[in-house]
Each structure stands twice: as structure tokens, then as C-alpha cells.
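Input: a single structure, listed below in C-alpha cells.
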Amino acid sequence: MHVLILGGGNLVRHVAATMARQGHEVVVVDEHERCPYLQNPNLPGYVLSGGDNLMEDMRRGGVERADLVIGLSFDDNRNAMAAQIASNIFNVPRALCHVGEVSKAQVYRELGVNVLSSTHALTDAVLDGEEDAG
Amino acid sequence: MYIIVVGCGRVGFNLTRALLTVGHEITVIDQDPLALESVSHEITAAFVQGDGSSPDVLREAGAERADLVIGVTGDDAANLAVCQMSKHLFSTPTAIGLTKHPSHAGLFRLLGVDRVINSTHLILSNIEEAVPSRAFMHLLNLQTYGMDIVALSIPEDASVVGRTIGNVEMPPNSFITLVVKQAGPRLPEEDLVLQAGDEVIAVTVLEEEQALYETLTGAT
């Protein structure tokens, strides 16, 4: 499977490394030169670094043949735009994006975007922990 | 009209000033308190500090009653989000989004932005128009179809000079729609002969612009 991941944080580094180990062809697109993923040459897959021309960066990352696109940068808007570029322009079968702001995530869901929300997941985890403790 | 302008950089500031002059009511949203502070000395609009693509911030700025929401930050993704949030949550009648990159314009339209302003395209057409011996000029960008309408002047040494339109091998998605000769405009019939100085109006796509330019202006 060809996987395109947007972002450069620890989460991306972990997801990319895990998927690459599973045998997937992983490309990470990140706008920052100092992506931690870049600094570890032992990680499989490869990396492109681009500016704010998201469509062009995604094209360079092989979005045309991608089976999965995941927006995991720190910027909700950029993640949502990447997922929408993938689905609406390149007909990528599966596109996911992380949107931290709850009310914004809700809008994107209603617009048909596949949204991952760590805020929801973390809230649930915290509340579960509270219940266990109580 | 009640208008929300998101982004108060150079574009947002000058736009707001122009809109205020003609009597509109404006609220400016920007994330940067310093940027808001500096323009607040020069214009008397309402200001909201925050992420203009955030539903809560838009609501605070009165998006429910806005006739027009304009995203003119320096970030294409933010401008798109501003428009999508306004349209979906507040049924804003008109959302205008600025994009730096021509490749993003089609996406903006597809996702419901009513009017897409492509800064690069605007600057290019203005410069092209100002260059005296221009051979290639963008007249119009048909965003929905990803096509451009362009004008080319045929130079004296072009290989197409003296040939009929039927004999010119055009790129597959480019079409001559009109030939403006000294005597006036002519429809591009198969047997119309191209001459130096003719102005050709053609429909093309971004990827074929170079090929089209070479076909019509290239020397033998």
C-alpha cells in the first residue's frame, strides 16, 4: 500500500515507522526541515520537505497512486485540506485527518471528511481514568 | 452589508479600509494581537483576536448575520477553512477565499468557496499586460474546469506564419477560439491563414500552456 502522511511530529514518526515495518511504502510530507523523522536515517520510507503549496507537495509525494492519505500535522486546517485534496482531486480511496478543535472537527465530519480527533480520544481516556480511580 | 474579514496583513488591511470607505460594517479577525493593534490606529472597524477558521471565533465575530466572509490570511489552508466553516455553520451567503497557489483554486471552488481569488494569477496577468511586447497573456481563468483563456501574438519568425489553422497541430486540450487580425476578429475556420501580428485567443489547460506557446510562436 502507498501511504502519504502529512506532518512531522512524534506521532507521524511513529505511525510512519510502524507502517513501513509492515511493508507499506510510506512517504512523509512535512513543511519543516527539522522533521524528527528526517533525523533518523534508520527509519524506512522516505521524506519530502515542502512549503505551503500543499497540492504540489502531495503530488511530489505520489498522491496520484496513494491508497491512504493521513493528515497528522499540528495544523488542523492543513490536515483537513490535505484529506480533501486526496478525496476530491485525486480520488484516493481512504483519507484521514487529525482535527484537534472539537467544533471544527464536527463541521468536517458533516462535510464528509474522515476526521480523527485526539481531543475526543484523550478526553475519553481521562474520564475513564477518573472512573477507575473513583 | 455586514462583512467579516479574516486576516489583517497587507491585503486584509487595505481591503478593510476600502470596504469601510464605501460604507460597509466590518469586523476584522486575526490571530496576532500585534497586527490588530497596529491597524486599529488606522481604521475604525471592530476587531476580534483569534483563529478566524474556528467556529467559536467566527460566532463571536457575528458570523450568523454576516452577508459576506472573506479569508485573506497568508495561509491557503486557513482561508479554505474560514470559507468552509462560514458556509456550513452559518450559511453565509457569500464566502470569498484567497489562494496563493493556482493549483489550489480548483479545490476551493469544488469545496463551495463562492469566489476564489488567486493572487499569483492576478499578479501574473497584470505584469503580462504591462510588458510591451507581450506574446502570451492570461485573459481569464475558468476555475471550475481548470482551464485558461489566453491571448498570443504571432511573431514574424513563427513557423505557423502562412499556414492554415487546419494545418497547425495543437496540443490535445488547447483550442483556438478566435483570431484577431488587423481587419478585425475572425472565427478560426480550417482554411484561415495565420499571419505575423495576428492575436490568437485560445482555451488551454495549465499543463499545455508551454506547448501551446511553442506551437504558435516557435520558429522553424
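The chains in the C-alpha cells are called A, B, ... from first to last as shown; in each chain the residues are counted from 1, and the ligands are counted from 1 in the order shown.
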**OP:** Output the contact residues of chain B with respect to chain A at a cut-off of 10 Å, based on only C-alpha atoms, as a PyMOL selection string.
**Re:** chain B and resi 53-56+74-82+84-85+88-89+99-104+106-108+110-111
**OP:** Mind listing the helix (DSSP H, G or I) residues of stretch 114-172 of chain B, per DSSP on the backbone, as a list in words?
**Re:**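 Taking stretch 114-172 of chain B and keeping helix (DSSP H, G or I) only, one gets Ser119, Thr120, His121, Leu122, Ile123, Leu124, Ser125, Asn126, Ile127, Glu128, Glu129, Ala130, Gln143, Thr144, Tyr145, Ile165, Gly166 and Asn167 of chain B.
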Original post:
Hey, can you check how far atom CA of B:Phe175 sits from atom CA of A:Ala86?
Top reply: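 So the two atoms, atom CA of B:Phe175 and atom CA of A:Ala86, lie 29.8 Å apart.
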Original post:
Between A:Ala105, A:Leu127, A:Val69, A:Ile5, which has the minimum distance to A:Pro93 (counting only C-alpha atoms)?
Top reply: A:Val69
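Atom CA of A:Val29 to atom CA of B:Gln31 spans 25.6 Å [interatomic distance, one decimal].
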Compile the contact shell of B:Thr94 as an mmCIF file with C-alpha atoms, in the first residue's frame: residues with an atom at most 12 Å away, counting only C-alpha atoms, same-chain residues fewer than 6 positions apart removed.
```
data_model
loop_
_atom_site.group_PDB
_atom_site.id
_atom_site.type_symbol
_atom_site.label_atom_id
_atom_site.label_comp_id
_atom_site.auth_asym_id
_atom_site.auth_seq_id
_atom_site.Cartn_x
_atom_site.Cartn_y
_atom_site.Cartn_z
ATOM 1 C CA MET B 1 -23.553 44.900 4.276
ATOM 2 C CA TYR B 2 -22.010 43.179 7.277
ATOM 3 C CA ILE B 3 -18.632 41.743 6.292
ATOM 4 C CA ILE B 4 -16.109 39.653 8.225
ATOM 5 C CA ALA B 63 -20.871 35.256 11.538
ATOM 6 C CA ARG B 65 -25.554 37.767 10.490
ATOM 7 C CA ALA B 66 -22.643 38.223 8.071
ATOM 8 C CA ASP B 67 -23.552 38.767 4.417
ATOM 9 C CA LEU B 68 -20.000 38.102 3.337
ATOM 10 C CA VAL B 69 -16.991 36.351 4.870
ATOM 11 C CA ILE B 70 -13.564 36.877 3.313
ATOM 12 C CA GLY B 71 -10.500 34.733 4.101
ATOM 13 C CA VAL B 82 -12.694 30.061 7.022
ATOM 14 C CA CYS B 83 -14.946 29.670 3.983
ATOM 15 C CA GLN B 84 -15.980 26.081 4.757
ATOM 16 C CA SER B 86 -18.850 30.002 7.412
ATOM 17 C CA LYS B 87 -20.797 28.286 4.658
ATOM 18 C CA HIS B 88 -21.582 25.165 6.652
ATOM 19 C CA GLY B 112 -18.000 25.516 -2.040
ATOM 20 C CA VAL B 113 -15.981 28.743 -1.880
ATOM 21 C CA ASP B 114 -18.149 31.176 -3.855
ATOM 22 C CA ARG B 115 -15.374 33.333 -5.187
ATOM 23 C CA VAL B 116 -11.733 32.276 -5.340
#
```
**OP:** List the neighbours of A:Gly23 out to 9 Å using only C-alpha atoms; skip same-chain residues closer than 4 positions along the sequence, and give me the result as a list in words.
**Re:**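 What passes the distance filter is Met1, Thr18 and Met19 of chain A.
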Next, dump the selected residues to file, keeping only C-alpha atoms, as a PDB file, in the first residue's frame.
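Saved to again-v3.pdb:
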```pdb
ATOM      1  CA  MET A   1       0.000   0.000   0.000  1.00  0.00           C
ATOM      2  CA  THR A  18       5.219   1.242  12.051  1.00  0.00           C
ATOM      3  CA  MET A  19       3.550   1.228   8.646  1.00  0.00           C
TER       4      MET A  19
END
```
Subject >> Distance of atom CA of B:Val193 from atom CA of B:Thr215, expressed in Å to one decimal place >> reply: 15.0 Å
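The protein and nucleic acid residues lying at most 8 Å from B:Val160 are B:Arg163, B:Val168, B:Leu194, B:Gln195, B:Thr215, B:Leu216, B:Thr217, with only C-alpha atoms considered and sequence neighbours fewer than 3 positions away removed.
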**OP:** Considering only C-alpha atoms, return as a ChimeraX atom specification whatever protein or nucleic-acid residues lie within 6 Å of stretch 112-122 of chain A, sequence-local ones (same chain, fewer than 3 positions apart) excluded.
**Re:** /A:96-100,108-109,125
Take the residues just selected and output them with C-alpha atoms as a short mmCIF file (atom, residue, chain, number, x, y, z; two decimals), in the first residue's frame.
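The resulting result_2.cif:
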```cif
data_model
loop_
_atom_site.label_atom_id
_atom_site.label_comp_id
_atom_site.auth_asym_id
_atom_site.auth_seq_id
_atom_site.Cartn_x
_atom_site.Cartn_y
_atom_site.Cartn_z
CA LEU A 96 -7.97 10.67 7.23
CA CYS A 97 -7.08 13.84 9.04
CA HIS A 98 -6.49 14.91 12.58
CA VAL A 99 -8.51 17.91 13.73
CA GLY A 100 -7.96 18.89 17.35
CA TYR A 108 -15.61 18.46 8.72
CA ARG A 109 -17.41 15.24 9.71
CA ALA A 125 -9.14 8.22 28.34
#
```
Subject >> Surrounding residues of B:Glu209 excluding itself and chain neighbours under 6 positions, 10 Å, only C-alpha atoms, as a PyMOL selection string >> reply: chain B and resi 136+148+150+171+173-174+203+215
Selection file, C-alpha atoms, as a PDB file, in the first residue's frame:
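Produced file again-v4.pdb, reproduced below:
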```pdb
ATOM      1  CA  PHE B 136       1.363  35.462 -24.142  1.00  0.00           C
ATOM      2  CA  ASP B 148      -7.379  29.245 -19.036  1.00  0.00           C
ATOM      3  CA  VAL B 150      -5.117  33.134 -23.197  1.00  0.00           C
ATOM      4  CA  PRO B 171      -1.864  20.293 -28.038  1.00  0.00           C
ATOM      5  CA  ASN B 173      -6.688  20.133 -24.852  1.00  0.00           C
ATOM      6  CA  SER B 174      -5.966  23.501 -26.415  1.00  0.00           C
ATOM      7  CA  VAL B 203      -8.564  27.972 -24.493  1.00  0.00           C
ATOM      8  CA  THR B 215       3.315  25.719 -31.202  1.00  0.00           C
TER       9      THR B 215
END
```
**OP:** Would you please extract all strand (DSSP E) residues from chain A, as assigned by DSSP on the backbone, and give them as a ChimeraX atom specification?
**Re:** /A:2-6,25-30,46-49,68-71,94-98,114-116
Mind writing the picked residues with C-alpha atoms as a PDB file, in the first residue's frame?
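Saved as result_23.pdb:
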```pdb
ATOM      1  CA  HIS A   2       1.270   3.513  -0.803  1.00  0.00           C
ATOM      2  CA  VAL A   3       0.734   5.768   2.198  1.00  0.00           C
ATOM      3  CA  LEU A   4       1.176   9.536   2.250  1.00  0.00           C
ATOM      4  CA  ILE A   5       1.468  11.143   5.677  1.00  0.00           C
ATOM      5  CA  LEU A   6       1.432  14.859   6.331  1.00  0.00           C
ATOM      6  CA  GLU A  25       5.528   2.245   1.031  1.00  0.00           C
ATOM      7  CA  VAL A  26       5.426   5.368   3.199  1.00  0.00           C
ATOM      8  CA  VAL A  27       6.077   8.964   2.179  1.00  0.00           C
ATOM      9  CA  VAL A  28       6.085  11.719   4.777  1.00  0.00           C
ATOM     10  CA  VAL A  29       5.416  15.261   3.602  1.00  0.00           C
ATOM     11  CA  ASP A  30       6.402  17.916   6.064  1.00  0.00           C
ATOM     12  CA  TYR A  46      11.355   8.412   2.548  1.00  0.00           C
ATOM     13  CA  VAL A  47      10.627  12.040   3.164  1.00  0.00           C
ATOM     14  CA  LEU A  48       9.961  15.149   1.176  1.00  0.00           C
ATOM     15  CA  SER A  49      10.049  18.592   2.599  1.00  0.00           C
ATOM     16  CA  LEU A  68      -4.164   6.131   2.011  1.00  0.00           C
ATOM     17  CA  VAL A  69      -3.516   9.761   2.929  1.00  0.00           C
ATOM     18  CA  ILE A  70      -3.285  10.858   6.577  1.00  0.00           C
ATOM     19  CA  GLY A  71      -3.093  14.484   7.722  1.00  0.00           C
ATOM     20  CA  ARG A  94      -9.010   6.473   2.030  1.00  0.00           C
ATOM     21  CA  ALA A  95      -8.148   9.854   3.521  1.00  0.00           C
ATOM     22  CA  LEU A  96      -7.974  10.666   7.227  1.00  0.00           C
ATOM     23  CA  CYS A  97      -7.082  13.842   9.036  1.00  0.00           C
ATOM     24  CA  HIS A  98      -6.489  14.905  12.579  1.00  0.00           C
ATOM     25  CA  ASN A 114     -12.858  11.344   7.779  1.00  0.00           C
ATOM     26  CA  VAL A 115     -11.738  13.062  10.968  1.00  0.00           C
ATOM     27  CA  LEU A 116      -9.560  11.674  13.749  1.00  0.00           C
TER      28      LEU A 116
END
```
